[in-house]
$ cat my_file.pdb   # PDB, C-alpha atoms and all ligand atoms
ATOM      1  CA  MET A   1     107.449 113.730  98.212  1.00  0.00           C
ATOM      2  CA  GLN A   2     108.323 111.757 101.348  1.00  0.00           C
ATOM      3  CA  LEU A   3     106.184 111.693 104.496  1.00  0.00           C
ATOM      4  CA  ALA A   4     108.979 113.330 106.503  1.00  0.00           C
ATOM      5  CA  ASP A   5     109.037 116.311 104.100  1.00  0.00           C
ATOM      6  CA  MET A   6     105.557 117.479 105.126  1.00  0.00           C
ATOM      7  CA  ILE A   7     104.978 120.414 107.447  1.00  0.00           C
ATOM      8  CA  GLY A   8     103.755 119.313 110.880  1.00  0.00           C
ATOM      9  CA  TYR A   9     103.729 120.034 114.598  1.00  0.00           C
ATOM     10  CA  CYS A  10     104.962 116.720 116.018  1.00  0.00           C
ATOM     11  CA  GLU A  11     108.455 115.294 116.347  1.00  0.00           C
ATOM     12  CA  GLU A  12     109.511 112.571 113.911  1.00  0.00           C
ATOM     13  CA  VAL A  13     109.574 109.960 116.726  1.00  0.00           C
ATOM     14  CA  GLU A  14     105.960 110.857 117.500  1.00  0.00           C
ATOM     15  CA  TYR A  15     104.896 110.433 113.876  1.00  0.00           C
ATOM     16  CA  LEU A  16     106.634 107.052 113.840  1.00  0.00           C
ATOM     17  CA  ALA A  17     104.775 106.041 117.006  1.00  0.00           C
ATOM     18  CA  LEU A  18     101.441 107.078 115.438  1.00  0.00           C
ATOM     19  CA  GLN A  19     102.355 104.952 112.431  1.00  0.00           C
ATOM     20  CA  LYS A  20     103.256 101.979 114.632  1.00  0.00           C
ATOM     21  CA  TYR A  21      99.871 102.003 116.415  1.00  0.00           C
ATOM     22  CA  ALA A  22      97.896 102.752 113.240  1.00  0.00           C
ATOM     23  CA  GLU A  23      99.367  99.645 111.622  1.00  0.00           C
ATOM     24  CA  LEU A  24      98.160  97.485 114.527  1.00  0.00           C
ATOM     25  CA  VAL A  25      94.502  98.469 114.051  1.00  0.00           C
ATOM     26  CA  THR A  26      92.406  95.769 112.363  1.00  0.00           C
ATOM     27  CA  GLU A  27      88.922  96.671 113.628  1.00  0.00           C
ATOM     28  CA  GLY A  28      86.951  99.907 113.604  1.00  0.00           C
ATOM     29  CA  VAL A  29      88.408 103.004 111.998  1.00  0.00           C
ATOM     30  CA  ILE A  30      91.079 105.560 112.885  1.00  0.00           C
ATOM     31  CA  LEU A  31      90.040 109.084 113.885  1.00  0.00           C
ATOM     32  CA  GLU A  32      92.268 112.102 114.393  1.00  0.00           C
ATOM     33  CA  ILE A  33      91.145 115.390 115.928  1.00  0.00           C
ATOM     34  CA  GLY A  34      93.363 118.181 114.559  1.00  0.00           C
ATOM     35  CA  THR A  35      94.466 117.729 110.951  1.00  0.00           C
ATOM     36  CA  HIS A  36      96.547 120.853 110.298  1.00  0.00           C
ATOM     37  CA  GLN A  37      98.233 120.084 106.929  1.00  0.00           C
ATOM     38  CA  GLY A  38      97.630 116.348 107.366  1.00  0.00           C
ATOM     39  CA  LYS A  39     101.079 115.096 108.333  1.00  0.00           C
ATOM     40  CA  SER A  40      99.987 112.861 111.226  1.00  0.00           C
ATOM     41  CA  ALA A  41      96.978 111.550 109.297  1.00  0.00           C
ATOM     42  CA  PHE A  42      99.117 110.668 106.270  1.00  0.00           C
ATOM     43  CA  TYR A  43     101.690 108.894 108.435  1.00  0.00           C
ATOM     44  CA  MET A  44      98.880 106.744 109.823  1.00  0.00           C
ATOM     45  CA  ALA A  45      97.228 106.255 106.414  1.00  0.00           C
ATOM     46  CA  SER A  46     100.529 105.082 104.911  1.00  0.00           C
ATOM     47  CA  VAL A  47     100.283 101.833 106.913  1.00  0.00           C
ATOM     48  CA  ALA A  48      96.618 101.626 107.960  1.00  0.00           C
ATOM     49  CA  HIS A  49      94.431  98.581 107.191  1.00  0.00           C
ATOM     50  CA  VAL A  50      91.268 100.538 108.074  1.00  0.00           C
ATOM     51  CA  PRO A  51      89.939 103.953 106.943  1.00  0.00           C
ATOM     52  CA  VAL A  52      91.557 107.051 108.443  1.00  0.00           C
ATOM     53  CA  TYR A  53      89.313 110.054 109.285  1.00  0.00           C
ATOM     54  CA  THR A  54      90.565 113.439 110.370  1.00  0.00           C
ATOM     55  CA  VAL A  55      88.662 116.426 111.771  1.00  0.00           C
ATOM     56  CA  ASP A  56      89.689 120.068 111.596  1.00  0.00           C
ATOM     57  CA  LYS A  57      87.753 123.287 111.840  1.00  0.00           C
ATOM     58  CA  TYR A  58      89.918 124.854 109.143  1.00  0.00           C
ATOM     59  CA  ASP A  59      91.068 123.908 105.666  1.00  0.00           C
ATOM     60  CA  TYR A  60      94.846 124.163 105.476  1.00  0.00           C
ATOM     61  CA  TYR A  61      96.239 124.810 102.021  1.00  0.00           C
ATOM     62  CA  LEU A  62      98.690 121.901 101.728  1.00  0.00           C
ATOM     63  CA  PHE A  63      96.356 119.023 102.677  1.00  0.00           C
ATOM     64  CA  ASP A  64      94.957 118.369  99.196  1.00  0.00           C
ATOM     65  CA  SER A  65      98.337 118.711  97.547  1.00  0.00           C
ATOM     66  CA  TYR A  66      99.924 116.266 100.029  1.00  0.00           C
ATOM     67  CA  LYS A  67      97.041 113.855  99.487  1.00  0.00           C
ATOM     68  CA  GLU A  68      97.561 113.911  95.737  1.00  0.00           C
ATOM     69  CA  GLN A  69     101.343 113.700  95.842  1.00  0.00           C
ATOM     70  CA  LEU A  70     101.375 110.846  98.361  1.00  0.00           C
ATOM     71  CA  GLY A  71      98.426 109.016  96.796  1.00  0.00           C
ATOM     72  CA  LEU A  72      97.057 108.216 100.253  1.00  0.00           C
ATOM     73  CA  ASP A  73      93.426 108.144 101.268  1.00  0.00           C
ATOM     74  CA  VAL A  74      92.444 110.210 104.318  1.00  0.00           C
ATOM     75  CA  ILE A  75      88.833 111.252 104.837  1.00  0.00           C
ATOM     76  CA  LYS A  76      88.765 114.862 105.972  1.00  0.00           C
ATOM     77  CA  ILE A  77      85.834 116.238 107.949  1.00  0.00           C
ATOM     78  CA  GLN A  78      85.990 120.025 107.990  1.00  0.00           C
ATOM     79  CA  GLU A  79      83.995 120.860 111.091  1.00  0.00           C
ATOM     80  CA  ASP A  80      84.459 122.094 114.623  1.00  0.00           C
ATOM     81  CA  SER A  81      85.130 119.060 116.813  1.00  0.00           C
ATOM     82  CA  THR A  82      82.381 120.237 119.194  1.00  0.00           C
ATOM     83  CA  GLU A  83      79.872 119.803 116.342  1.00  0.00           C
ATOM     84  CA  VAL A  84      80.929 116.490 114.813  1.00  0.00           C
ATOM     85  CA  LYS A  85      78.360 113.715 115.121  1.00  0.00           C
ATOM     86  CA  TRP A  86      80.387 110.536 115.392  1.00  0.00           C
ATOM     87  CA  HIS A  87      78.928 107.002 115.347  1.00  0.00           C
ATOM     88  CA  ARG A  88      81.689 104.660 114.190  1.00  0.00           C
ATOM     89  CA  SER A  89      83.732 102.391 116.426  1.00  0.00           C
ATOM     90  CA  LEU A  90      87.335 103.437 116.804  1.00  0.00           C
ATOM     91  CA  GLY A  91      90.397 101.212 116.732  1.00  0.00           C
ATOM     92  CA  LEU A  92      92.506 104.325 117.304  1.00  0.00           C
ATOM     93  CA  LEU A  93      91.725 107.874 118.428  1.00  0.00           C
ATOM     94  CA  PHE A  94      94.433 110.527 118.186  1.00  0.00           C
ATOM     95  CA  ILE A  95      93.609 113.784 119.990  1.00  0.00           C
ATOM     96  CA  ASP A  96      95.637 116.763 118.770  1.00  0.00           C
ATOM     97  CA  GLY A  97      93.087 119.555 118.291  1.00  0.00           C
ATOM     98  CA  ALA A  98      92.765 122.727 120.336  1.00  0.00           C
ATOM     99  CA  HIS A  99      94.836 122.364 123.510  1.00  0.00           C
ATOM    100  CA  ILE A 100      92.834 124.504 125.913  1.00  0.00           C
ATOM    101  CA  TYR A 101      91.177 122.713 128.852  1.00  0.00           C
ATOM    102  CA  GLU A 102      87.577 122.984 127.574  1.00  0.00           C
ATOM    103  CA  MET A 103      88.556 121.614 124.165  1.00  0.00           C
ATOM    104  CA  ILE A 104      90.644 118.639 125.256  1.00  0.00           C
ATOM    105  CA  LYS A 105      87.780 117.833 127.628  1.00  0.00           C
ATOM    106  CA  ASN A 106      85.267 118.079 124.783  1.00  0.00           C
ATOM    107  CA  ASP A 107      87.393 115.971 122.452  1.00  0.00           C
ATOM    108  CA  PHE A 108      87.930 113.287 125.088  1.00  0.00           C
ATOM    109  CA  ARG A 109      84.298 113.145 126.270  1.00  0.00           C
ATOM    110  CA  ARG A 110      82.852 113.297 122.751  1.00  0.00           C
ATOM    111  CA  PHE A 111      85.028 110.704 121.006  1.00  0.00           C
ATOM    112  CA  GLU A 112      86.602 108.465 123.663  1.00  0.00           C
ATOM    113  CA  PRO A 113      83.388 106.449 124.220  1.00  0.00           C
ATOM    114  CA  SER A 114      83.718 105.206 120.617  1.00  0.00           C
ATOM    115  CA  VAL A 115      87.152 103.659 121.274  1.00  0.00           C
ATOM    116  CA  MET A 116      86.739  99.881 121.249  1.00  0.00           C
ATOM    117  CA  LYS A 117      88.098  97.541 123.877  1.00  0.00           C
ATOM    118  CA  GLY A 118      91.732  96.996 122.879  1.00  0.00           C
ATOM    119  CA  GLY A 119      91.689 100.222 120.856  1.00  0.00           C
ATOM    120  CA  PHE A 120      94.378 102.877 121.158  1.00  0.00           C
ATOM    121  CA  LEU A 121      94.019 106.387 122.560  1.00  0.00           C
ATOM    122  CA  LEU A 122      96.918 108.671 121.676  1.00  0.00           C
ATOM    123  CA  ILE A 123      97.084 112.173 123.124  1.00  0.00           C
ATOM    124  CA  HIS A 124      99.559 114.772 121.964  1.00  0.00           C
ATOM    125  CA  ASP A 125     101.127 117.354 124.291  1.00  0.00           C
ATOM    126  CA  PHE A 126     100.103 115.348 127.344  1.00  0.00           C
ATOM    127  CA  ALA A 127     102.928 117.021 129.266  1.00  0.00           C
ATOM    128  CA  GLY A 128     101.905 120.448 128.044  1.00  0.00           C
ATOM    129  CA  GLY A 129     104.072 123.233 126.745  1.00  0.00           C
ATOM    130  CA  PRO A 130     104.227 127.023 126.869  1.00  0.00           C
ATOM    131  CA  THR A 131     100.598 127.583 125.836  1.00  0.00           C
ATOM    132  CA  MET A 132      99.241 124.077 126.328  1.00  0.00           C
ATOM    133  CA  ASP A 133      98.566 123.605 130.026  1.00  0.00           C
ATOM    134  CA  GLY A 134      94.971 122.545 129.361  1.00  0.00           C
ATOM    135  CA  VAL A 135      96.003 119.046 128.303  1.00  0.00           C
ATOM    136  CA  PRO A 136      97.961 118.068 131.460  1.00  0.00           C
ATOM    137  CA  ALA A 137      95.359 119.807 133.641  1.00  0.00           C
ATOM    138  CA  PHE A 138      92.534 117.722 132.159  1.00  0.00           C
ATOM    139  CA  LEU A 139      94.555 114.499 132.230  1.00  0.00           C
ATOM    140  CA  GLU A 140      95.370 115.042 135.889  1.00  0.00           C
ATOM    141  CA  GLU A 141      91.682 115.553 136.629  1.00  0.00           C
ATOM    142  CA  ILE A 142      90.737 112.218 135.019  1.00  0.00           C
ATOM    143  CA  GLN A 143      93.806 110.279 136.132  1.00  0.00           C
ATOM    144  CA  ASP A 144      91.849 107.731 138.211  1.00  0.00           C
ATOM    145  CA  GLU A 145      89.379 107.157 135.382  1.00  0.00           C
ATOM    146  CA  LEU A 146      92.223 106.695 132.904  1.00  0.00           C
ATOM    147  CA  ASN A 147      94.037 104.258 135.182  1.00  0.00           C
ATOM    148  CA  LYS A 148      90.894 102.161 135.573  1.00  0.00           C
ATOM    149  CA  ARG A 149      89.936 102.070 131.932  1.00  0.00           C
ATOM    150  CA  PHE A 150      93.244 102.299 130.049  1.00  0.00           C
ATOM    151  CA  GLU A 151      96.655 100.742 130.174  1.00  0.00           C
ATOM    152  CA  THR A 152      99.539 103.141 129.616  1.00  0.00           C
ATOM    153  CA  LEU A 153     101.685 101.614 126.902  1.00  0.00           C
ATOM    154  CA  GLU A 154     104.390 104.262 126.630  1.00  0.00           C
ATOM    155  CA  THR A 155     105.127 107.927 126.196  1.00  0.00           C
ATOM    156  CA  VAL A 156     107.037 109.032 123.121  1.00  0.00           C
ATOM    157  CA  ASP A 157     108.357 112.547 123.540  1.00  0.00           C
ATOM    158  CA  ASN A 158     105.102 114.485 124.198  1.00  0.00           C
ATOM    159  CA  LEU A 159     102.778 111.721 122.963  1.00  0.00           C
ATOM    160  CA  LEU A 160     100.863 109.607 125.491  1.00  0.00           C
ATOM    161  CA  CYS A 161      99.942 106.139 124.213  1.00  0.00           C
ATOM    162  CA  LEU A 162      97.100 104.293 125.966  1.00  0.00           C
ATOM    163  CA  GLN A 163      95.128 101.128 125.248  1.00  0.00           C
ATOM    164  CA  LYS A 164      91.542 100.553 126.390  1.00  0.00           C
ATOM    165  CA  LYS A 165      91.140  97.626 128.775  1.00  0.00           C
TER     166      LYS A 165
HETATM  167  C1  LIG B   1      98.576 120.939 116.580  1.00  0.00           C
HETATM  168  S1  LIG B   1      97.582 121.114 115.183  1.00  0.00           S
HETATM  169  C2  LIG B   1      97.431 119.469 114.566  1.00  0.00           C
HETATM  170  C3  LIG B   1      98.728 118.949 114.013  1.00  0.00           C
HETATM  171  C4  LIG B   1      98.612 117.656 113.246  1.00  0.00           C
HETATM  172  N1  LIG B   1      98.017 116.607 114.054  1.00  0.00           N
HETATM  173  C5  LIG B   1      99.994 117.231 112.779  1.00  0.00           C
HETATM  174  O1  LIG B   1     100.709 116.553 113.515  1.00  0.00           O
HETATM  175  O2  LIG B   1     100.380 117.599 111.671  1.00  0.00           O
HETATM  176  C6  LIG B   1      96.006 121.420 115.892  1.00  0.00           C
HETATM  177  C7  LIG B   1      94.882 121.540 114.915  1.00  0.00           C
HETATM  178  O3  LIG B   1      93.652 121.585 115.624  1.00  0.00           O
HETATM  179  C8  LIG B   1      92.752 122.382 114.873  1.00  0.00           C
HETATM  180  N2  LIG B   1      91.648 122.830 115.718  1.00  0.00           N
HETATM  181  C9  LIG B   1      91.670 123.815 116.644  1.00  0.00           C
HETATM  182  N3  LIG B   1      90.461 123.957 117.207  1.00  0.00           N
HETATM  183  C10 LIG B   1      89.640 123.055 116.629  1.00  0.00           C
HETATM  184  C11 LIG B   1      88.267 122.709 116.773  1.00  0.00           C
HETATM  185  N4  LIG B   1      87.486 123.352 117.651  1.00  0.00           N
HETATM  186  N5  LIG B   1      87.772 121.735 115.997  1.00  0.00           N
HETATM  187  C12 LIG B   1      88.549 121.080 115.121  1.00  0.00           C
HETATM  188  N6  LIG B   1      89.857 121.350 114.931  1.00  0.00           N
HETATM  189  C13 LIG B   1      90.405 122.325 115.672  1.00  0.00           C
HETATM  190  C14 LIG B   1      93.629 123.495 114.340  1.00  0.00           C
HETATM  191  O4  LIG B   1      93.030 124.098 113.211  1.00  0.00           O
HETATM  192  C15 LIG B   1      94.936 122.799 114.046  1.00  0.00           C
HETATM  193  O5  LIG B   1      95.038 122.437 112.705  1.00  0.00           O
END

$ encode --input "my_file.pdb" --output "structure tokens"
Amino acid sequence: MQLADMIGYCEEVEYLALQKYAELVTEGVILEIGTHQGKSAFYMASVAHVPVYTVDKYDYYLFDSYKEQLGLDVIKIQEDSTEVKWHRSLGLLFIDGAHIYEMIKNDFRRFEPSVMKGGFLLIHDFAGGPTMDGVPAFLEEIQDELNKRFETLETVDNLLCLQKK
């Protein structure tokens, strides 16, 4: 089994970008909101020097099989992201959970404070999509805050890549 063979929601270039930033993290841990079958988490875990955590409300049937076949360690937290109690410093936060306004707001407000100075914040579907207007709406609302506190590194397809100042 190759990483690219897994079922996932992102484009290959986006998975490669996640991998690129995950490999740069040397402090704190990596946290993903929105596991699905684990594709993005396993891409990051394949190169990570720090533990990779992933949160999802549901248990998707391929995650454990992918984990075994790839032999990669990802720590899965099966919980609603509004309930997770998080205390560890983050070298990278990838937000790709529920895309409605209230949820992207929750995920940002709940986990972003744990991102360390110099840490990466990656947000999927920043430009939205047919049923995903909540993400661009929230990002527009906090644009000034983001500009003050983060540097925009690049966008890769529908993935926004920021670094905390
Ligand atoms: C777009 S998918 C994630 C795709 C994954 N990052 C990938 O690239 O393979 C979004 C995920 O968010 C999860 N999700 C939705 N609402 C959630 C919530 N309240 N708490 C945690 N996870 C949630 C869904 O179950 C779904 O698996």

$ residues_around --input "my_file.pdb" --residues "region 34-40 of chain A" --least-positions-apart "6" --cutoff "8 Å" --atoms "all atoms listed in the file" --output "number ranges by chain"
A: 3, 6-8, 10, 15, 18, 54-56, 58-63, 66, 95-98

$ resolve_selection --input "my_file.pdb" --expression "the PyMOL selection byres (((chain A and resi 51) around 8) and not hetatm)" --output "list in words"
Val29, Ile30, Ala45, Ala48, His49, Val50, Val52, Tyr53, Asp73, Val74 and Ile75 of chain A

$ closest_residue --input "my_file.pdb" --among "A:Gln163, A:Asn147, A:Gln19, A:Thr155" --to "ligand LIG 1 (chain B)" --atoms "all atoms listed in the file"
A:Gln19

$ atom_distance --input "my_file.pdb" --atom1 "CA of Asp5 (chain A)" --atom2 "CA of Glu68 (chain A)"
14.4 Å

$ closest_residue --input "my_file.pdb" --among "A:Leu70, A:Ile142, A:Val156, A:Ile100" --to "Glu12 (chain A)" --atoms "only C-alpha atoms"
A:Val156

$ closest_residue --input "my_file.pdb" --among "A:Glu11, A:Phe150, A:Asp133, A:Lys165" --to "ligand LIG 1 (chain B)" --atoms "only C-alpha atoms and all ligand atoms"
A:Glu11
